[in-house]
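Everything below belongs to my_file-v3.pdb, which stores PDB, C-alpha atoms and all ligand atoms.
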```
MODEL        1
ATOM      1  CA  MET P 234     -17.627   6.075  -0.064  1.00  0.00           C
ATOM      2  CA  GLN P 235     -18.532   3.683   2.717  1.00  0.00           C
ATOM      3  CA  LEU P 236     -22.169   2.888   3.444  1.00  0.00           C
ATOM      4  CA  THR P 237     -23.039   1.428   6.848  1.00  0.00           C
ATOM      5  CA  ASP P 238     -26.453  -0.094   7.499  1.00  0.00           C
ATOM      6  CA  PRO P 239     -28.245  -0.171  10.882  1.00  0.00           C
ATOM      7  CA  LYS P 240     -26.613  -3.524  11.688  1.00  0.00           C
ATOM      8  CA  GLY P 241     -23.128  -2.140  11.105  1.00  0.00           C
ATOM      9  CA  ARG P 242     -22.610  -3.908   7.769  1.00  0.00           C
ATOM     10  CA  MET P 243     -20.346  -1.856   5.542  1.00  0.00           C
ATOM     11  CA  HIS P 244     -20.149  -1.536   1.773  1.00  0.00           C
ATOM     12  CA  GLN P 245     -17.555   0.474  -0.124  1.00  0.00           C
ATOM     13  CA  ILE P 246     -18.494   1.982  -3.467  1.00  0.00           C
ATOM     14  CA  VAL P 247     -16.908   4.367  -5.930  1.00  0.00           C
ATOM     15  CA  LEU P 248     -19.456   7.032  -6.794  1.00  0.00           C
ATOM     16  CA  GLN P 249     -20.330   7.451 -10.451  1.00  0.00           C
ATOM     17  CA  PRO P 250     -23.017   9.745 -11.833  1.00  0.00           C
ATOM     18  CA  GLY P 251     -26.104   7.802 -12.917  1.00  0.00           C
ATOM     19  CA  ALA P 252     -25.008   4.539 -11.251  1.00  0.00           C
ATOM     20  CA  SER P 253     -26.894   2.594  -8.601  1.00  0.00           C
ATOM     21  CA  PHE P 254     -25.826   0.507  -5.651  1.00  0.00           C
ATOM     22  CA  HIS P 255     -27.838  -2.689  -5.215  1.00  0.00           C
ATOM     23  CA  THR P 256     -28.133  -5.053  -2.269  1.00  0.00           C
ATOM     24  CA  HIS P 257     -30.863  -7.467  -1.249  1.00  0.00           C
ATOM     25  CA  ARG P 258     -32.094  -4.471   0.738  1.00  0.00           C
ATOM     26  CA  GLY P 259     -32.906  -2.486  -2.375  1.00  0.00           C
ATOM     27  CA  ALA P 260     -31.163   0.085  -4.501  1.00  0.00           C
ATOM     28  CA  LEU P 261     -29.556   3.455  -3.892  1.00  0.00           C
ATOM     29  CA  SER P 262     -28.808   6.029  -6.531  1.00  0.00           C
ATOM     30  CA  HIS P 263     -25.212   7.296  -6.484  1.00  0.00           C
ATOM     31  CA  ASP P 264     -26.626  10.680  -7.487  1.00  0.00           C
ATOM     32  CA  ASP P 265     -28.236  10.936  -4.042  1.00  0.00           C
ATOM     33  CA  LEU P 266     -24.737  10.821  -2.549  1.00  0.00           C
ATOM     34  CA  ILE P 267     -22.695  12.859  -5.008  1.00  0.00           C
ATOM     35  CA  GLY P 268     -22.192  16.282  -3.489  1.00  0.00           C
ATOM     36  CA  ALA P 269     -23.891  15.325  -0.214  1.00  0.00           C
ATOM     37  CA  PRO P 270     -21.962  16.087   2.988  1.00  0.00           C
ATOM     38  CA  GLU P 271     -20.123  13.317   4.774  1.00  0.00           C
ATOM     39  CA  GLY P 272     -22.286  11.668   7.371  1.00  0.00           C
ATOM     40  CA  SER P 273     -25.428  11.976   5.243  1.00  0.00           C
ATOM     41  CA  VAL P 274     -28.086   9.350   5.787  1.00  0.00           C
ATOM     42  CA  VAL P 275     -29.542   7.949   2.584  1.00  0.00           C
ATOM     43  CA  THR P 276     -32.500   5.624   2.178  1.00  0.00           C
ATOM     44  CA  ALA P 277     -32.605   2.639  -0.185  1.00  0.00           C
ATOM     45  CA  THR P 278     -35.746   1.685  -2.081  1.00  0.00           C
ATOM     46  CA  SER P 279     -36.456  -0.925   0.640  1.00  0.00           C
ATOM     47  CA  GLY P 280     -36.474   1.776   3.304  1.00  0.00           C
ATOM     48  CA  THR P 281     -33.117   0.681   4.787  1.00  0.00           C
ATOM     49  CA  GLN P 282     -31.050   3.645   5.823  1.00  0.00           C
ATOM     50  CA  TYR P 283     -27.318   3.934   5.334  1.00  0.00           C
ATOM     51  CA  VAL P 284     -24.900   6.426   6.789  1.00  0.00           C
ATOM     52  CA  ALA P 285     -22.392   7.557   4.167  1.00  0.00           C
ATOM     53  CA  LEU P 286     -18.794   8.339   5.152  1.00  0.00           C
ATOM     54  CA  ARG P 287     -15.419   8.240   3.482  1.00  0.00           C
ATOM     55  CA  PRO P 288     -13.794   4.931   4.444  1.00  0.00           C
ATOM     56  CA  LEU P 289     -11.094   5.103   7.085  1.00  0.00           C
ATOM     57  CA  LEU P 290      -7.772   3.769   5.850  1.00  0.00           C
ATOM     58  CA  ALA P 291      -8.332   0.813   8.180  1.00  0.00           C
ATOM     59  CA  ASP P 292     -11.646   0.060   6.448  1.00  0.00           C
ATOM     60  CA  PHE P 293     -10.146   0.600   3.007  1.00  0.00           C
ATOM     61  CA  THR P 294      -7.315  -1.866   3.560  1.00  0.00           C
ATOM     62  CA  LEU P 295      -9.654  -4.504   4.935  1.00  0.00           C
ATOM     63  CA  ALA P 296     -11.999  -4.223   1.943  1.00  0.00           C
ATOM     64  CA  MET P 297      -9.519  -3.757  -0.895  1.00  0.00           C
ATOM     65  CA  LYS P 298      -8.488  -6.424  -3.386  1.00  0.00           C
ATOM     66  CA  ARG P 299      -5.850  -8.785  -2.033  1.00  0.00           C
ATOM     67  CA  GLY P 300      -2.977 -10.651  -3.560  1.00  0.00           C
ATOM     68  CA  ALA P 301      -0.766 -11.412  -0.599  1.00  0.00           C
ATOM     69  CA  THR P 302      -2.278 -11.317   2.849  1.00  0.00           C
ATOM     70  CA  ILE P 303      -2.230  -7.794   4.251  1.00  0.00           C
ATOM     71  CA  VAL P 304      -0.715  -6.197   7.317  1.00  0.00           C
ATOM     72  CA  TYR P 305      -3.807  -5.617   9.463  1.00  0.00           C
ATOM     73  CA  PRO P 306      -4.551  -2.158  10.843  1.00  0.00           C
ATOM     74  CA  LYS P 307      -3.671  -3.082  14.429  1.00  0.00           C
ATOM     75  CA  ASP P 308      -0.244  -4.274  13.261  1.00  0.00           C
ATOM     76  CA  ALA P 309       0.243  -1.320  10.915  1.00  0.00           C
ATOM     77  CA  ALA P 310      -0.357   0.985  13.874  1.00  0.00           C
ATOM     78  CA  GLN P 311       2.327  -0.818  15.883  1.00  0.00           C
ATOM     79  CA  ILE P 312       4.750  -0.721  12.959  1.00  0.00           C
ATOM     80  CA  LEU P 313       4.262   3.011  12.482  1.00  0.00           C
ATOM     81  CA  ALA P 314       4.767   3.562  16.198  1.00  0.00           C
ATOM     82  CA  TYR P 315       7.746   1.298  16.846  1.00  0.00           C
ATOM     83  CA  ALA P 316       9.533   2.120  13.588  1.00  0.00           C
ATOM     84  CA  ASP P 317       8.947   5.776  14.511  1.00  0.00           C
ATOM     85  CA  VAL P 318       7.678   6.658  11.043  1.00  0.00           C
ATOM     86  CA  PHE P 319       7.243  10.415  10.850  1.00  0.00           C
ATOM     87  CA  PRO P 320       6.358  13.010   8.200  1.00  0.00           C
ATOM     88  CA  GLY P 321       9.391  13.370   5.947  1.00  0.00           C
ATOM     89  CA  ALA P 322      10.906   9.952   6.794  1.00  0.00           C
ATOM     90  CA  ARG P 323      12.419   7.778   4.089  1.00  0.00           C
ATOM     91  CA  VAL P 324      11.276   4.201   4.476  1.00  0.00           C
ATOM     92  CA  LEU P 325      12.299   1.002   2.767  1.00  0.00           C
ATOM     93  CA  GLU P 326       9.539  -1.601   2.722  1.00  0.00           C
ATOM     94  CA  ALA P 327      10.307  -5.219   1.890  1.00  0.00           C
ATOM     95  CA  GLY P 328       7.262  -6.993   0.454  1.00  0.00           C
ATOM     96  CA  ALA P 329       4.606  -4.547  -0.750  1.00  0.00           C
ATOM     97  CA  GLY P 330       2.180  -7.474  -0.996  1.00  0.00           C
ATOM     98  CA  SER P 331      -1.267  -5.954  -1.493  1.00  0.00           C
ATOM     99  CA  GLY P 332      -0.121  -2.457  -0.598  1.00  0.00           C
ATOM    100  CA  ALA P 333      -1.872  -2.107   2.750  1.00  0.00           C
ATOM    101  CA  LEU P 334       1.211  -1.206   4.755  1.00  0.00           C
ATOM    102  CA  SER P 335       2.433   0.876   1.811  1.00  0.00           C
ATOM    103  CA  CYS P 336      -0.702   3.033   2.198  1.00  0.00           C
ATOM    104  CA  TRP P 337      -0.069   3.517   5.920  1.00  0.00           C
ATOM    105  CA  LEU P 338       3.592   4.338   5.321  1.00  0.00           C
ATOM    106  CA  LEU P 339       2.878   6.715   2.463  1.00  0.00           C
ATOM    107  CA  ARG P 340       0.305   8.578   4.473  1.00  0.00           C
ATOM    108  CA  ALA P 341       2.568   8.755   7.517  1.00  0.00           C
ATOM    109  CA  VAL P 342       5.664  10.049   5.695  1.00  0.00           C
ATOM    110  CA  GLY P 343       3.688  12.388   3.414  1.00  0.00           C
ATOM    111  CA  PRO P 344       4.968  14.179   0.318  1.00  0.00           C
ATOM    112  CA  ASP P 345       8.150  15.334   2.080  1.00  0.00           C
ATOM    113  CA  GLY P 346       9.129  11.738   2.730  1.00  0.00           C
ATOM    114  CA  GLU P 347       9.744   8.773   0.492  1.00  0.00           C
ATOM    115  CA  VAL P 348       8.719   5.135   0.539  1.00  0.00           C
ATOM    116  CA  VAL P 349      10.465   2.540  -1.589  1.00  0.00           C
ATOM    117  CA  SER P 350       8.562  -0.740  -1.593  1.00  0.00           C
ATOM    118  CA  PHE P 351      10.037  -3.902  -3.021  1.00  0.00           C
ATOM    119  CA  GLU P 352       7.779  -6.715  -4.142  1.00  0.00           C
ATOM    120  CA  ALA P 353       9.176  -9.967  -5.476  1.00  0.00           C
ATOM    121  CA  ARG P 354       6.029 -10.969  -7.368  1.00  0.00           C
ATOM    122  CA  ALA P 355       4.930  -8.917 -10.342  1.00  0.00           C
ATOM    123  CA  ASP P 356       1.270  -9.896  -9.930  1.00  0.00           C
ATOM    124  CA  PHE P 357       1.238  -8.748  -6.298  1.00  0.00           C
ATOM    125  CA  ALA P 358       3.074  -5.551  -7.191  1.00  0.00           C
ATOM    126  CA  GLU P 359       0.341  -4.721  -9.695  1.00  0.00           C
ATOM    127  CA  ILE P 360      -2.353  -5.239  -7.054  1.00  0.00           C
ATOM    128  CA  ALA P 361      -0.408  -3.084  -4.600  1.00  0.00           C
ATOM    129  CA  ARG P 362      -0.029  -0.321  -7.176  1.00  0.00           C
ATOM    130  CA  GLU P 363      -3.735  -0.366  -7.988  1.00  0.00           C
ATOM    131  CA  ASN P 364      -4.763  -0.328  -4.310  1.00  0.00           C
ATOM    132  CA  VAL P 365      -2.439   2.554  -3.520  1.00  0.00           C
ATOM    133  CA  ARG P 366      -3.640   4.448  -6.585  1.00  0.00           C
ATOM    134  CA  LYS P 367      -7.242   3.923  -5.541  1.00  0.00           C
ATOM    135  CA  TYR P 368      -6.655   5.137  -2.008  1.00  0.00           C
ATOM    136  CA  PHE P 369      -4.689   8.269  -2.919  1.00  0.00           C
ATOM    137  CA  GLY P 370      -6.563   9.000  -6.175  1.00  0.00           C
ATOM    138  CA  GLU P 371      -3.237   8.686  -8.041  1.00  0.00           C
ATOM    139  CA  VAL P 372       0.069   6.964  -7.417  1.00  0.00           C
ATOM    140  CA  PRO P 373       1.829   9.230  -4.884  1.00  0.00           C
ATOM    141  CA  SER P 374       4.935  10.931  -6.242  1.00  0.00           C
ATOM    142  CA  TRP P 375       6.791   9.980  -3.048  1.00  0.00           C
ATOM    143  CA  TRP P 376       6.367   6.242  -3.647  1.00  0.00           C
ATOM    144  CA  ARG P 377       8.596   3.993  -5.648  1.00  0.00           C
ATOM    145  CA  LEU P 378       7.439   0.435  -6.169  1.00  0.00           C
ATOM    146  CA  VAL P 379      10.210  -1.871  -7.290  1.00  0.00           C
ATOM    147  CA  THR P 380       9.161  -5.222  -8.703  1.00  0.00           C
ATOM    148  CA  ALA P 381      12.092  -7.301  -7.566  1.00  0.00           C
ATOM    149  CA  PRO P 382      13.167  -9.238  -4.516  1.00  0.00           C
ATOM    150  CA  LEU P 383      15.032  -7.200  -1.956  1.00  0.00           C
ATOM    151  CA  SER P 384      18.053  -9.046  -0.699  1.00  0.00           C
ATOM    152  CA  ALA P 385      18.554  -9.425   3.008  1.00  0.00           C
ATOM    153  CA  ARG P 386      22.080  -8.170   2.513  1.00  0.00           C
ATOM    154  CA  ALA P 387      20.826  -4.989   0.920  1.00  0.00           C
ATOM    155  CA  ALA P 388      18.245  -4.422   3.591  1.00  0.00           C
ATOM    156  CA  LEU P 389      20.205  -5.288   6.660  1.00  0.00           C
ATOM    157  CA  ASP P 390      23.931  -4.850   6.147  1.00  0.00           C
ATOM    158  CA  PRO P 391      24.812  -1.622   7.966  1.00  0.00           C
ATOM    159  CA  SER P 392      28.126  -1.361   6.139  1.00  0.00           C
ATOM    160  CA  PHE P 393      26.239  -0.419   2.967  1.00  0.00           C
ATOM    161  CA  ARG P 394      24.478   2.526   4.553  1.00  0.00           C
ATOM    162  CA  THR P 395      26.550   5.531   3.820  1.00  0.00           C
ATOM    163  CA  ASP P 396      25.254   8.964   3.056  1.00  0.00           C
ATOM    164  CA  ARG P 397      27.700   9.514   0.273  1.00  0.00           C
ATOM    165  CA  ALA P 398      26.958   6.268  -1.479  1.00  0.00           C
ATOM    166  CA  TYR P 399      23.274   6.957  -1.252  1.00  0.00           C
ATOM    167  CA  SER P 400      23.443  10.443  -2.662  1.00  0.00           C
ATOM    168  CA  LEU P 401      25.699   9.307  -5.494  1.00  0.00           C
ATOM    169  CA  ARG P 402      23.983   6.125  -6.395  1.00  0.00           C
ATOM    170  CA  LYS P 403      20.373   6.280  -5.299  1.00  0.00           C
ATOM    171  CA  ASP P 404      18.775   6.524  -8.705  1.00  0.00           C
ATOM    172  CA  ALA P 405      21.268   4.360 -10.511  1.00  0.00           C
ATOM    173  CA  ALA P 406      20.938   1.660  -7.942  1.00  0.00           C
ATOM    174  CA  LEU P 407      17.178   1.590  -7.930  1.00  0.00           C
ATOM    175  CA  ASP P 408      16.905   1.852 -11.690  1.00  0.00           C
ATOM    176  CA  ARG P 409      19.221  -1.058 -12.031  1.00  0.00           C
ATOM    177  CA  VAL P 410      16.874  -3.076  -9.889  1.00  0.00           C
ATOM    178  CA  GLU P 411      13.861  -2.084 -11.939  1.00  0.00           C
ATOM    179  CA  ASP P 412      15.715  -3.135 -15.049  1.00  0.00           C
ATOM    180  CA  ALA P 413      16.039  -6.524 -13.502  1.00  0.00           C
ATOM    181  CA  VAL P 414      12.309  -6.974 -12.993  1.00  0.00           C
ATOM    182  CA  PRO P 415      11.681 -10.691 -12.665  1.00  0.00           C
ATOM    183  CA  THR P 416       8.924 -12.185 -14.730  1.00  0.00           C
ATOM    184  CA  ASP P 417       7.663 -15.718 -14.458  1.00  0.00           C
ATOM    185  CA  PRO P 418       8.762 -17.680 -12.477  1.00  0.00           C
ATOM    186  CA  VAL P 419       9.632 -15.422  -9.578  1.00  0.00           C
ATOM    187  CA  PRO P 420      13.251 -15.983  -8.655  1.00  0.00           C
ATOM    188  CA  ALA P 421      14.123 -16.629  -5.065  1.00  0.00           C
ATOM    189  CA  PRO P 422      15.603 -13.597  -3.320  1.00  0.00           C
ATOM    190  CA  THR P 423      19.356 -13.614  -3.777  1.00  0.00           C
ATOM    191  CA  ALA P 424      22.052 -12.136  -1.664  1.00  0.00           C
ATOM    192  CA  ASP P 425      24.071 -10.375  -4.309  1.00  0.00           C
ATOM    193  CA  VAL P 426      22.085  -9.373  -7.362  1.00  0.00           C
ATOM    194  CA  PHE P 427      20.619  -6.276  -5.783  1.00  0.00           C
ATOM    195  CA  GLY P 428      23.641  -5.231  -3.796  1.00  0.00           C
ATOM    196  CA  PRO P 429      23.708  -1.618  -5.041  1.00  0.00           C
ATOM    197  CA  VAL P 430      20.347  -0.983  -3.449  1.00  0.00           C
ATOM    198  CA  ALA P 431      22.111  -1.358  -0.151  1.00  0.00           C
ATOM    199  CA  ASN P 432      23.703   2.020  -0.693  1.00  0.00           C
ATOM    200  CA  VAL P 433      20.873   3.514   1.181  1.00  0.00           C
ATOM    201  CA  LYS P 434      21.352   5.599   4.239  1.00  0.00           C
ATOM    202  CA  ASP P 435      18.746   6.141   6.892  1.00  0.00           C
ATOM    203  CA  TRP P 436      16.232   3.740   5.506  1.00  0.00           C
ATOM    204  CA  GLU P 437      14.300   1.867   8.073  1.00  0.00           C
ATOM    205  CA  LEU P 438      13.494  -1.757   7.476  1.00  0.00           C
ATOM    206  CA  VAL P 439       9.830  -2.005   8.213  1.00  0.00           C
ATOM    207  CA  SER P 440       8.691  -5.327   6.903  1.00  0.00           C
ATOM    208  CA  ALA P 441      10.684  -8.329   5.758  1.00  0.00           C
ATOM    209  CA  ASP P 442       8.576 -11.351   5.258  1.00  0.00           C
ATOM    210  CA  ASN P 443       9.849 -14.271   3.243  1.00  0.00           C
ATOM    211  CA  ARG P 444       7.106 -16.640   4.237  1.00  0.00           C
ATOM    212  CA  SER P 445       4.724 -16.028   1.312  1.00  0.00           C
TER     213      SER P 445
HETATM  214  C1  LIG P 501       2.697 -10.679   4.067  1.00  0.00           C
HETATM  215  S1  LIG P 501       2.947 -10.090   2.454  1.00  0.00           S
HETATM  216  C2  LIG P 501       3.148  -8.339   2.739  1.00  0.00           C
HETATM  217  C3  LIG P 501       1.847  -7.630   2.951  1.00  0.00           C
HETATM  218  C4  LIG P 501       1.916  -6.158   2.715  1.00  0.00           C
HETATM  219  N1  LIG P 501       2.866  -5.521   3.595  1.00  0.00           N
HETATM  220  C5  LIG P 501       0.528  -5.542   2.872  1.00  0.00           C
HETATM  221  O1  LIG P 501       0.253  -4.949   3.923  1.00  0.00           O
HETATM  222  O2  LIG P 501      -0.300  -5.683   1.944  1.00  0.00           O
HETATM  223  C6  LIG P 501       4.639 -10.532   2.116  1.00  0.00           C
HETATM  224  C7  LIG P 501       5.072 -10.135   0.716  1.00  0.00           C
HETATM  225  O3  LIG P 501       6.480 -10.118   0.676  1.00  0.00           O
HETATM  226  C8  LIG P 501       6.893 -10.519  -0.612  1.00  0.00           C
HETATM  227  N2  LIG P 501       8.308 -10.897  -0.473  1.00  0.00           N
HETATM  228  C9  LIG P 501       8.822 -11.966   0.161  1.00  0.00           C
HETATM  229  N3  LIG P 501      10.182 -11.916   0.134  1.00  0.00           N
HETATM  230  C10 LIG P 501      10.514 -10.783  -0.522  1.00  0.00           C
HETATM  231  C11 LIG P 501      11.746 -10.156  -0.859  1.00  0.00           C
HETATM  232  N4  LIG P 501      12.897 -10.679  -0.530  1.00  0.00           N
HETATM  233  N5  LIG P 501      11.709  -8.996  -1.546  1.00  0.00           N
HETATM  234  C12 LIG P 501      10.534  -8.440  -1.905  1.00  0.00           C
HETATM  235  N6  LIG P 501       9.336  -8.989  -1.602  1.00  0.00           N
HETATM  236  C13 LIG P 501       9.318 -10.143  -0.920  1.00  0.00           C
HETATM  237  C14 LIG P 501       5.927 -11.627  -0.972  1.00  0.00           C
HETATM  238  O4  LIG P 501       5.836 -11.837  -2.370  1.00  0.00           O
HETATM  239  C15 LIG P 501       4.620 -11.077  -0.371  1.00  0.00           C
HETATM  240  O5  LIG P 501       3.896 -10.357  -1.328  1.00  0.00           O
ENDMDL
END
```
Go ahead and express the file in the form of C-alpha cells.
Amino acid sequence: MQLTDPKGRMHQIVLQPGASFHTHRGALSHDDLIGAPEGSVVTATSGTQYVALRPLLADFTLAMKRGATIVYPKDAAQILAYADVFPGARVLEAGAGSGALSCWLLRAVGPDGEVVSFEARADFAEIARENVRKYFGEVPSWWRLVTAPLSARAALDPSFRTDRAYSLRKDAALDRVEDAVPTDPVPAPTADVFGPVANVKDWELVSADNRS
C-alpha cells in the first residue's frame, strides 16, 4: 500500500494485522487500512491525513530494494515501446539487476509470454527475485531467472536463432546454464561457455549492460 501525505511524500508499507506505521507525523494502525477501499483517506494520530492507494509499478520500482541501479520508469516505457513487447511475447533480458525492468517485462508479456532474465551476480539475482516476488505476490510462472552471465554471442548471433534448435534444446540449454551458476567471484562474461543458450528463436534482446 502506498500512503501519500498532503505534501506528496509517499511511503510504501505491507499491511499486517495489528501492525502500526510510524512517522514523525504520528502513527497509523494497519487495521484502519485492511479491507478499506483504494483511495481511502486515513488520519494519523498527529492529525495528518494520508491517501491510501496501491503503488503504481513506477512507484514500486523506485522504492524497492536495490542491488544494481535500476532501469527508471521513463526508460522502461521506452524499452517496452521500442522493443514492441506485447502480451504473449518471449523476451530475453540480459542483466536482471534489481528486477525493475523484469517487472515491467513480466507484466507486459503476461502469463502467455515468457521472460528469461540473466544476471551475472548471484547477490543481485537474489534481490531481483525478491523484488519480483513482492510485486507479483509470488514468482511468476512465466519468468525464469538464470544466475549466470549471458554471452554476447548467445544474445546477438542471429545464426543461433533457429526454431528447431530452440524447440529441441530450450530446457536443456537453460538448465545447463543454471548448473553453471557462478559463485564468488563472479566470472567475467565469456563468449563460449553459454553457447547453447543461443539456440533461442524470436527472443528480443532488451537490455545488455556490461558497465556494472
Ligand atoms: C544496470 S543493471 C540492470 C538493471 C535492471 N535491468 C533493473 O531494472 O533493475 C546491469 C546488470 O547487468 C548485469 N550484467 C552485466 N553483464 C552481464 C551479462 N553478460 N550477463 C548477465 N548479467 C550481466 C550486472 O551484474 C548488473 O546487475
Subject >> Point-to-point distance in Å for atom C12 of ligand LIG 501 (chain P) and CA of Ala327 (chain P) >> reply: 5.0 Å
**OP:** Any chance you could resolve the PyMOL selection byres (((chain P and resi 345) around 12) and not hetatm) against this file and give the residues as number ranges by chain?
**Re:** P: 319-324, 339-344, 346-348, 373-376
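For the residues P:Ala260, P:Ala333, P:Leu266, P:Ala355, ranking by smallest atom-to-atom distance to ligand LIG 501 (chain P) using only C-alpha atoms and all ligand atoms places P:Ala333 first.
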**OP:** Excluding Val247 (chain P) and residues on its chain fewer than 2 positions from it, collect all residues at most 12 Å away from it, counting only C-alpha atoms, and give them as a VMD selection string.
**Re:** chain P and resid 234 to 236 244 to 245 249 to 250 252 to 254 263 to 264 266 to 267 285 to 288 293 367 to 368 370
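The smallest atom-to-atom distance between ligand LIG 501 (chain P) and any of P:Phe369, P:Tyr283, P:Phe351, P:Tyr315, using all atoms listed in the file, is found for P:Phe351.
Using the PyMOL selection byres (((chain P and resi 300) around 10) and not hetatm) on this structure selects Met297, Lys298, Arg299, Ala301, Thr302, Ile303, Gly330, Ser331, Gly332, Arg354, Asp356, Phe357, Ala358, Glu359, Ile360 and Ala361 of chain P.
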Quick one: what's the axis-aligned box for region 298-317 of chain P, all listed atoms, 8 Å on every side, centre and edges in Å to one decimal, as lines of an AutoDock Vina configuration file?
```
center_x = 0.5
center_y = -2.8
center_z = 6.6
size_x = 34.0
size_y = 33.2
size_z = 36.4
```
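The set of protein, DNA and RNA residues with any counted atom at most 12 Å from (-26.4, -4.2, 12.1) (all atoms listed in the file) reads Leu236, Thr237, Asp238, Pro239, Lys240, Gly241, Arg242, Met243, Thr281, Gln282, Tyr283 and Val284 of chain P.
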Original post:
Of the candidates P:Thr278, P:Thr380, P:Ser262, P:Asn364, which one gets nearest to Cys336 (chain P) if we count all atoms listed in the file?
Top reply: P:Asn364
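Interatomic distance, CA of Ala291 (chain P) against CA of Gly251 (chain P): 28.5 Å.
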Original post:
Of the residues P:Val304, P:Leu313, P:Val372, P:Val318, which is the one nearest to ligand LIG 501 (chain P), using all atoms listed in the file?
Top reply: P:Val304
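When the PyMOL selection byres (((chain P and resi 258) around 9) and not hetatm) is evaluated on the file shown here, the picked residues come out as His255, Thr256, His257, Gly259, Ala260, Ala277, Thr278, Ser279, Gly280 and Thr281 of chain P.
In this structure, CA of Ser335 (chain P) sits 11.6 Å away from atom C6 of ligand LIG 501 (chain P).
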